[in-house]
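Below is work_26.tsv, holding TSV, C-alpha atoms.
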chain	number	residue	atom	x	y	z
B	9	MET	CA	12.67	-14.66	4.80
B	10	ASP	CA	14.00	-18.16	5.28
B	11	LYS	CA	14.37	-19.70	8.74
B	12	HIS	CA	18.08	-19.03	8.91
B	13	ARG	CA	17.55	-15.34	8.09
B	14	ILE	CA	14.77	-15.09	10.63
B	15	ALA	CA	16.95	-16.61	13.35
B	16	GLU	CA	19.73	-14.14	12.52
B	17	ALA	CA	17.35	-11.19	12.40
B	18	LEU	CA	15.77	-12.21	15.71
B	19	ALA	CA	19.14	-12.31	17.41
B	20	GLU	CA	20.22	-8.96	15.98
B	21	LEU	CA	16.93	-7.28	16.81
B	22	ARG	CA	16.97	-8.67	20.37
B	23	ALA	CA	20.41	-7.15	20.86
B	24	ASN	CA	19.22	-3.72	19.72
B	25	PRO	CA	18.38	-1.51	22.72
B	26	ARG	CA	15.68	0.31	20.73
B	27	VAL	CA	13.72	-2.90	20.33
B	28	GLU	CA	11.49	-3.47	23.35
B	29	ALA	CA	10.43	-6.96	22.33
B	30	VAL	CA	10.74	-9.30	19.37
B	31	ALA	CA	8.90	-12.55	18.72
B	32	MET	CA	7.56	-14.86	16.07
B	33	ASP	CA	3.79	-15.09	15.74
B	34	GLY	CA	3.01	-17.85	13.30
B	35	ASP	CA	5.11	-16.98	10.24
B	36	ASP	CA	5.21	-13.29	11.15
B	37	LEU	CA	8.12	-11.57	12.80
B	38	VAL	CA	6.87	-9.03	15.34
B	39	VAL	CA	8.86	-6.21	16.89
B	40	ARG	CA	7.78	-3.74	19.51
B	41	ILE	CA	9.37	-0.31	19.13
B	42	GLY	CA	6.63	1.57	20.94
B	43	GLU	CA	4.06	0.14	18.52
B	44	PHE	CA	3.89	-3.48	17.46
B	45	VAL	CA	5.15	-3.73	13.90
B	46	ARG	CA	4.91	-6.99	11.98
B	47	PHE	CA	6.77	-8.49	9.02
B	48	ALA	CA	5.20	-11.05	6.72
B	49	SER	CA	7.13	-12.83	4.01
B	50	ASP	CA	5.81	-12.80	0.43
B	51	PRO	CA	8.12	-15.48	-1.04
B	52	GLU	CA	6.25	-15.81	-4.33
B	53	HIS	CA	7.16	-12.23	-5.22
B	54	ALA	CA	10.42	-12.10	-3.24
B	55	ARG	CA	8.97	-9.31	-1.14
B	56	THR	CA	8.42	-8.56	2.54
B	57	ALA	CA	5.37	-6.78	3.91
B	58	CYS	CA	5.76	-4.62	7.00
B	59	TRP	CA	2.62	-3.46	8.75
B	60	ALA	CA	0.96	-2.28	11.92
B	61	GLN	CA	-2.54	-1.84	13.20
B	62	VAL	CA	-4.03	1.63	12.80
B	63	ARG	CA	-7.22	1.06	14.72
B	64	LEU	CA	-9.63	-1.66	15.77
B	65	LEU	CA	-13.09	-1.01	14.41
B	66	SER	CA	-16.42	-1.15	16.16
B	67	SER	CA	-19.63	-2.27	14.59
B	68	GLY	CA	-20.73	0.13	11.87
B	69	GLU	CA	-17.28	1.65	11.39
B	70	ALA	CA	-16.16	-0.51	8.45
B	71	LYS	CA	-17.68	1.77	5.81
B	72	PRO	CA	-16.18	5.08	7.03
B	73	ALA	CA	-12.93	3.21	7.75
B	74	ALA	CA	-12.81	2.12	4.11
B	75	THR	CA	-13.39	5.74	3.10
B	76	ALA	CA	-10.50	6.79	5.34
B	77	ALA	CA	-8.28	4.14	3.72
B	78	ARG	CA	-9.24	5.34	0.24
B	79	ARG	CA	-8.46	8.93	1.25
B	80	TYR	CA	-5.12	7.94	2.71
B	81	ASN	CA	-4.18	5.88	-0.33
B	82	SER	CA	-4.92	8.80	-2.65
B	83	SER	CA	-1.67	10.28	-1.39
B	84	LEU	CA	0.22	7.31	-2.84
B	85	LYS	CA	0.12	8.85	-6.27
B	86	GLU	CA	2.12	11.84	-5.10
B	87	GLY	CA	4.46	10.13	-2.69
B	88	THR	CA	5.39	6.59	-1.96
B	89	ARG	CA	3.82	6.31	1.44
B	90	MET	CA	2.15	3.38	3.10
B	91	THR	CA	-0.92	1.50	2.00
B	92	MET	CA	-3.93	1.48	4.32
B	93	GLY	CA	-6.25	-1.49	4.12
B	94	LEU	CA	-9.12	-3.16	5.85
B	95	PHE	CA	-8.95	-6.50	7.62
B	96	LEU	CA	-12.59	-7.48	7.50
B	97	GLU	CA	-12.20	-10.56	9.70
B	98	GLY	CA	-10.03	-8.76	12.19
B	99	ASN	CA	-12.21	-5.68	12.08
B	100	ALA	CA	-9.17	-3.48	11.91
B	101	LEU	CA	-7.49	-0.96	9.68
B	102	ILE	CA	-3.87	-1.68	8.96
B	103	LEU	CA	-1.06	0.35	7.45
B	104	GLY	CA	2.01	-1.01	5.77
B	105	ARG	CA	4.39	-1.26	2.89
B	106	SER	CA	5.69	-4.12	0.81
B	107	VAL	CA	9.35	-3.93	-0.19
B	108	ASP	CA	10.94	-5.93	-2.97
B	109	LYS	CA	13.44	-7.93	-1.00
B	110	ASP	CA	12.83	-10.99	1.14
B	111	ASP	CA	16.18	-11.23	2.90
B	112	LEU	CA	16.33	-7.86	4.60
B	113	ALA	CA	19.06	-7.30	7.18
B	114	ALA	CA	18.01	-6.45	10.73
B	115	ALA	CA	18.97	-2.79	10.22
B	116	ASP	CA	16.75	-2.60	7.10
B	117	LEU	CA	13.89	-4.28	8.98
B	118	LEU	CA	14.19	-1.76	11.78
B	119	ALA	CA	14.34	1.18	9.35
B	120	LEU	CA	11.19	-0.09	7.66
B	121	ALA	CA	9.46	-0.59	11.02
B	122	ASP	CA	10.42	2.98	11.95
B	123	GLU	CA	8.79	4.28	8.75
B	124	VAL	CA	5.60	2.37	9.44
B	125	GLN	CA	5.52	3.57	13.05
B	126	ALA	CA	6.21	7.17	12.01
B	127	SER	CA	3.29	7.04	9.56
B	128	LEU	CA	0.78	5.87	12.16
B	129	PRO	CA	-0.11	9.21	13.87
B	130	ALA	CA	-1.13	10.95	10.63
B	131	ALA	CA	-3.01	7.86	9.50
B	132	ARG	CA	-4.89	7.63	12.81
B	133	SER	CA	-5.72	11.32	12.69
B	134	LEU	CA	-7.19	10.92	9.21
B	135	VAL	CA	-9.22	7.91	10.35
B	136	GLU	CA	-10.59	9.74	13.41
B	137	THR	CA	-11.54	12.76	11.28
B	138	THR	CA	-13.35	10.52	8.81
B	139	LEU	CA	-15.17	8.59	11.56
B	140	GLU	CA	-16.21	11.88	13.19
B	141	GLU	CA	-17.57	13.11	9.85
B	142	GLN	CA	-19.59	9.93	9.65
B	143	ARG	CA	-20.94	10.35	13.21
B	144	ALA	CA	-21.88	13.98	12.48
B	145	ALA	CA	-23.67	12.92	9.29
B	146	GLU	CA	-25.57	10.25	11.25
B	147	ARG	CA	-26.59	12.79	13.93
B	148	GLN	CA	-27.82	15.19	11.23
B	149	ALA	CA	-29.77	12.39	9.58
B	150	MET	CA	-31.40	11.51	12.92
B	151	VAL	CA	-32.42	15.11	13.56
B	152	ALA	CA	-33.68	15.45	9.99
B	153	ALA	CA	-35.79	12.34	10.52
B	154	GLY	CA	-37.29	13.85	13.67
B	155	ASP	CA	-35.34	11.73	16.14
B	156	VAL	CA	-33.60	13.57	18.97
B	157	PRO	CA	-30.51	11.99	20.48
B	158	LEU	CA	-31.00	11.01	24.14
B	159	VAL	CA	-27.58	12.31	25.06
B	160	ARG	CA	-26.43	15.59	23.60
B	161	ALA	CA	-22.76	15.83	22.72
I	13	MET	CA	20.53	17.91	-10.85
I	14	SER	CA	20.20	16.47	-7.34
I	15	ASP	CA	21.40	12.97	-6.44
I	16	SER	CA	17.87	11.60	-6.28
I	17	GLN	CA	17.06	13.12	-9.69
I	18	SER	CA	20.20	11.81	-11.33
I	19	ARG	CA	19.81	8.27	-9.92
I	20	PHE	CA	16.28	8.14	-11.31
I	21	ALA	CA	17.33	9.70	-14.63
I	22	GLU	CA	20.17	7.20	-15.00
I	23	PHE	CA	17.81	4.32	-14.37
I	24	ILE	CA	15.28	5.59	-16.94
I	25	LYS	CA	18.06	6.16	-19.45
I	26	ALA	CA	19.26	2.58	-18.93
I	27	CYS	CA	15.69	1.35	-19.38
I	28	THR	CA	15.19	3.19	-22.68
I	29	LYS	CA	18.48	1.76	-23.89
I	30	VAL	CA	17.35	-1.78	-23.10
I	31	LEU	CA	14.01	-1.07	-24.80
I	32	GLU	CA	15.81	0.49	-27.80
I	33	LEU	CA	13.90	3.75	-27.39
I	34	PRO	CA	15.29	7.23	-28.11
I	35	ASP	CA	17.25	8.99	-25.38
I	36	PRO	CA	14.73	10.28	-22.81
I	37	THR	CA	14.29	13.83	-21.55
I	38	ILE	CA	13.65	13.67	-17.83
I	39	GLY	CA	12.89	17.02	-16.24
I	40	GLY	CA	10.70	16.01	-13.34
I	41	ASP	CA	10.15	13.12	-11.01
I	42	ASN	CA	8.35	10.82	-13.44
I	43	TYR	CA	8.55	9.11	-16.81
I	44	LEU	CA	5.85	7.40	-18.87
I	45	PHE	CA	6.22	4.18	-20.83
I	46	GLN	CA	3.61	2.98	-23.29
I	47	VAL	CA	2.88	-0.73	-22.98
I	48	GLY	CA	0.39	-1.78	-25.65
I	49	ASP	CA	-2.60	0.51	-25.19
I	50	ARG	CA	-1.67	1.36	-21.60
I	51	TRP	CA	0.54	4.02	-20.06
I	52	VAL	CA	2.73	3.03	-17.14
I	53	GLU	CA	4.15	5.90	-15.13
I	54	LEU	CA	7.35	5.51	-13.13
I	55	LYS	CA	7.49	8.14	-10.40
I	56	ARG	CA	10.26	8.57	-7.86
I	57	ASN	CA	9.83	9.81	-4.30
I	58	GLU	CA	11.53	12.93	-3.01
I	59	ARG	CA	14.43	11.02	-1.48
I	60	GLY	CA	14.92	9.13	-4.73
I	61	ASP	CA	15.20	5.69	-3.14
I	62	LEU	CA	11.73	4.50	-4.13
I	63	VAL	CA	9.99	4.29	-7.49
I	64	ASN	CA	6.25	3.89	-7.85
I	65	PHE	CA	4.80	2.15	-10.91
I	66	LEU	CA	1.35	3.59	-11.68
I	67	SER	CA	-1.25	2.89	-14.31
I	68	ALA	CA	-4.88	4.03	-14.61
I	69	ILE	CA	-7.23	1.05	-14.39
I	70	TYR	CA	-10.68	2.59	-14.04
I	71	LEU	CA	-12.57	5.75	-14.96
I	72	ALA	CA	-15.88	6.19	-13.16
I	73	PRO	CA	-18.94	7.44	-15.03
I	74	PRO	CA	-19.81	11.12	-14.34
I	75	ASP	CA	-22.23	10.37	-11.49
I	76	GLY	CA	-20.48	7.21	-10.30
I	77	GLU	CA	-18.86	6.83	-6.88
I	78	LEU	CA	-15.75	4.81	-6.19
I	79	ARG	CA	-16.16	1.72	-4.04
I	80	ASP	CA	-14.05	2.41	-0.97
I	81	ASP	CA	-14.59	-1.08	0.45
I	82	LEU	CA	-13.27	-2.76	-2.70
I	83	ILE	CA	-10.23	-0.50	-2.75
I	84	ALA	CA	-9.43	-1.01	0.95
I	85	SER	CA	-9.81	-4.80	0.78
I	86	PHE	CA	-7.76	-5.06	-2.40
I	87	ASN	CA	-4.99	-3.10	-0.71
I	88	THR	CA	-4.95	-5.36	2.34
I	89	HIS	CA	-4.84	-8.50	0.23
I	90	TYR	CA	-2.12	-7.32	-2.15
I	91	LEU	CA	0.02	-5.74	0.54
I	92	PHE	CA	0.87	-9.40	1.29
I	93	ASN	CA	0.72	-10.65	-2.30
I	94	GLY	CA	3.03	-8.70	-4.53
I	95	GLY	CA	2.80	-5.25	-2.96
I	96	PHE	CA	0.16	-3.83	-5.31
I	97	SER	CA	-2.25	-1.13	-4.20
I	98	LEU	CA	-5.17	0.75	-5.67
I	99	VAL	CA	-4.78	4.52	-5.58
I	100	ALA	CA	-7.99	6.48	-5.88
I	101	ASP	CA	-8.29	9.93	-7.39
I	102	PRO	CA	-11.95	10.68	-6.58
I	103	GLU	CA	-11.85	14.22	-7.99
I	104	ASN	CA	-11.21	12.80	-11.44
I	105	GLY	CA	-13.06	9.54	-10.81
I	106	ARG	CA	-9.96	7.50	-11.56
I	107	ILE	CA	-8.34	4.54	-9.91
I	108	TYR	CA	-4.70	3.66	-10.50
I	109	LEU	CA	-2.80	0.49	-9.75
I	110	GLY	CA	0.44	1.23	-7.93
I	111	ARG	CA	3.45	-0.79	-6.87
I	112	THR	CA	6.42	0.59	-5.00
I	113	HIS	CA	9.95	-0.64	-5.68
I	114	ARG	CA	13.24	0.28	-4.13
I	115	LEU	CA	15.26	1.85	-6.92
I	116	ALA	CA	18.28	-0.21	-5.81
I	117	ALA	CA	16.28	-3.42	-6.30
I	118	LEU	CA	15.31	-2.60	-9.90
I	119	ASP	CA	17.45	-3.81	-12.76
I	120	ALA	CA	17.03	-1.93	-16.04
I	121	ARG	CA	17.78	-5.17	-17.92
I	122	ASP	CA	14.48	-6.55	-16.59
I	123	ILE	CA	12.40	-3.50	-17.46
I	124	ARG	CA	10.56	-5.07	-20.39
I	125	ARG	CA	9.39	-7.97	-18.21
I	126	GLU	CA	8.55	-5.62	-15.30
I	127	LEU	CA	6.48	-3.30	-17.49
I	128	LEU	CA	4.63	-6.14	-19.21
I	129	ALA	CA	3.88	-7.85	-15.90
I	130	PHE	CA	2.69	-4.62	-14.32
I	131	ALA	CA	0.51	-3.72	-17.32
I	132	GLY	CA	-0.99	-7.22	-17.24
I	133	THR	CA	-1.78	-6.92	-13.53
I	134	ALA	CA	-3.28	-3.46	-14.10
I	135	SER	CA	-5.55	-4.89	-16.77
I	136	MET	CA	-6.68	-7.69	-14.45
I	137	ALA	CA	-7.20	-5.29	-11.53
I	138	GLY	CA	-9.41	-3.08	-13.69
I	139	THR	CA	-11.45	-6.06	-14.81
I	140	TRP	CA	-11.78	-7.28	-11.21
I	141	TYR	CA	-12.94	-3.86	-10.03
I	142	MET	CA	-15.55	-3.47	-12.77
I	143	ARG	CA	-16.85	-6.98	-12.19
I	144	ASN	CA	-17.30	-6.32	-8.48
I	145	GLU	CA	-18.34	-2.68	-8.29
I	146	ASP	CA	-22.04	-3.48	-8.60
I	147	GLU	CA	-21.88	-6.17	-5.94
I	148	THR	CA	-23.30	-5.05	-2.63
I	149	THR	CA	-21.51	-7.66	-0.57
I	150	ALA	CA	-17.96	-7.66	0.74
I	151	PRO	CA	-15.21	-8.04	-1.88
I	152	PRO	CA	-14.09	-11.52	-2.91
I	153	SER	CA	-10.41	-11.19	-2.12
I	154	ALA	CA	-9.92	-13.22	1.02
I	155	PRO	CA	-7.47	-11.97	3.62
I	156	PRO	CA	-4.10	-13.65	3.26
I	157	ARG	CA	-4.11	-15.81	6.35
I	158	GLU	CA	-6.63	-17.84	8.21
I	159	ASN	CA	-6.94	-15.38	11.04
I	160	PRO	CA	-5.16	-12.20	10.02
I	161	GLY	CA	-6.71	-10.23	12.84
I	162	SER	CA	-4.95	-12.17	15.57
I	163	PHE	CA	-2.77	-9.42	16.83
I	164	LEU	CA	-0.07	-10.15	19.37
I	165	LYS	CA	-1.39	-10.01	22.92
I	166	VAL	CA	0.77	-8.84	25.81

Could I get this file's structure written as structure tokens?
Amino acid sequence: MDKHRIAEALAELRANPRVEAVAMDGDDLVVRIGEFVRFASDPEHARTACWAQVRLLSSGEAKPAATAARRYNSSLKEGTRMTMGLFLEGNALILGRSVDKDDLAAADLLALADEVQASLPAARSLVETTLEEQRAAERQAMVAAGDVPLVRA
Amino acid sequence: MSDSQSRFAEFIKACTKVLELPDPTIGGDNYLFQVGDRWVELKRNERGDLVNFLSAIYLAPPDGELRDDLIASFNTHYLFNGGFSLVADPENGRIYLGRTHRLAALDARDIRRELLAFAGTASMAGTWYMRNEDETTAPPSAPPRENPGSFLKV
């Protein structure tokens, strides 16, 4: 999105009562519609990426989080849902979609943000299930190795 | 035929005309094009407004496991660089390259270029995956920005 488009979109989004907040963060346009949803321009491919954070990760969660992302993305073959990916530096899982247009109108931006936000609960549920599977496997491995957890769940 | 089916069917028909292929028979929600030695599947969503390009890029050996970390990092990087994603099918040990387009943004006159570009990217993605699957370290694709994890604070 060029600067003129961004200025227009900002004004239109600010005027929309559904939008709780809107701001620029670096080159990203950020809206709050319950969740924070971000837009990043991909000018080389004339596309716009829309994304939100699924979950921050603690130490040791990157591997099961990647498994969760792979599981989630398996559904992409059947539908055209979001992509889940791993920000290694940010230690977070993100969810988003890239659309092939870089001058989206404010209404299109909001519709896309709604889709991302609507996809978050199922994505988070899948991530929590996968992380719990990992924790259960770790507990089993501890018991199998003769270690007893100090605190029983 | 529903609206979503007919929009997709019309697009595919226009594509085959541009490519000088025989009239297609489209019964379902997908259509396959052969690009060199590669198949590229175009698959519409239920609503019919989106079309996913898909092509198999990797087949794991019988006892091989897919590298989740490579797939997840690739997907983060290319979400911001072209909108490509890796789609794993662990039951069959396959990985596909996918890219979603809005049907309204596709122009059948550009289909030859789109298919060739996608097939080329699929070939490169497969090569990248195979080159990195034995690496034990984090994948090489750097995140797109200097500090992509700087989420907005309130």

Residues near segment 123-126 of chain B, cut-off 8 Å, only C-alpha atoms, skip fewer than 3 positions along chain, as a PyMOL selection string:
chain B and resi 43+45+58-60+90+103-105+119-120+129

Select all residues from chain B having any atom no more than 7 Å from an atom of chain I (counting only C-alpha atoms, ignoring ligands), output as a PyMOL selection string.
chain B and resi 50+53+55+57+71+74-75+77-78+81-82+84-85+87-88+91-95+97-98+105-108

Minimum-distance residue to Arg79 of chain B, chosen among B:Ala152, B:Val62, B:Val135, B:Ala19 (using only C-alpha atoms)
B:Val135

Selected residue, from I:Ile38, I:Ala129, I:Arg106, I:Ile123, that lies nearest to Ala26 of chain I when counting all atoms listed in the file:
I:Ile123

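For the set I:Asp49, I:Asp41, I:Glu103, I:Glu77, the residue with the smallest atom-to-atom gap to Leu128 of chain I is I:Asp49, counting all atoms listed in the file.
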
Computed interatomic separation between atom CA of Gly132 of chain I and atom CA of Glu147 of chain I (Å):
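These atoms are spaced 23.8 Å apart.
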
Atom pair atom CA of Ser16 of chain I / atom CA of Asp122 of chain I: separation (Å):
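Going from atom CA of Ser16 of chain I over to atom CA of Asp122 of chain I covers 21.1 Å.
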
Could you work out how far atom CA of Arg22 of chain B lies from atom CA of Asp122 of chain B, giving the answer in Å with one decimal?
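Distance reported for this atom pair: 15.8 Å.
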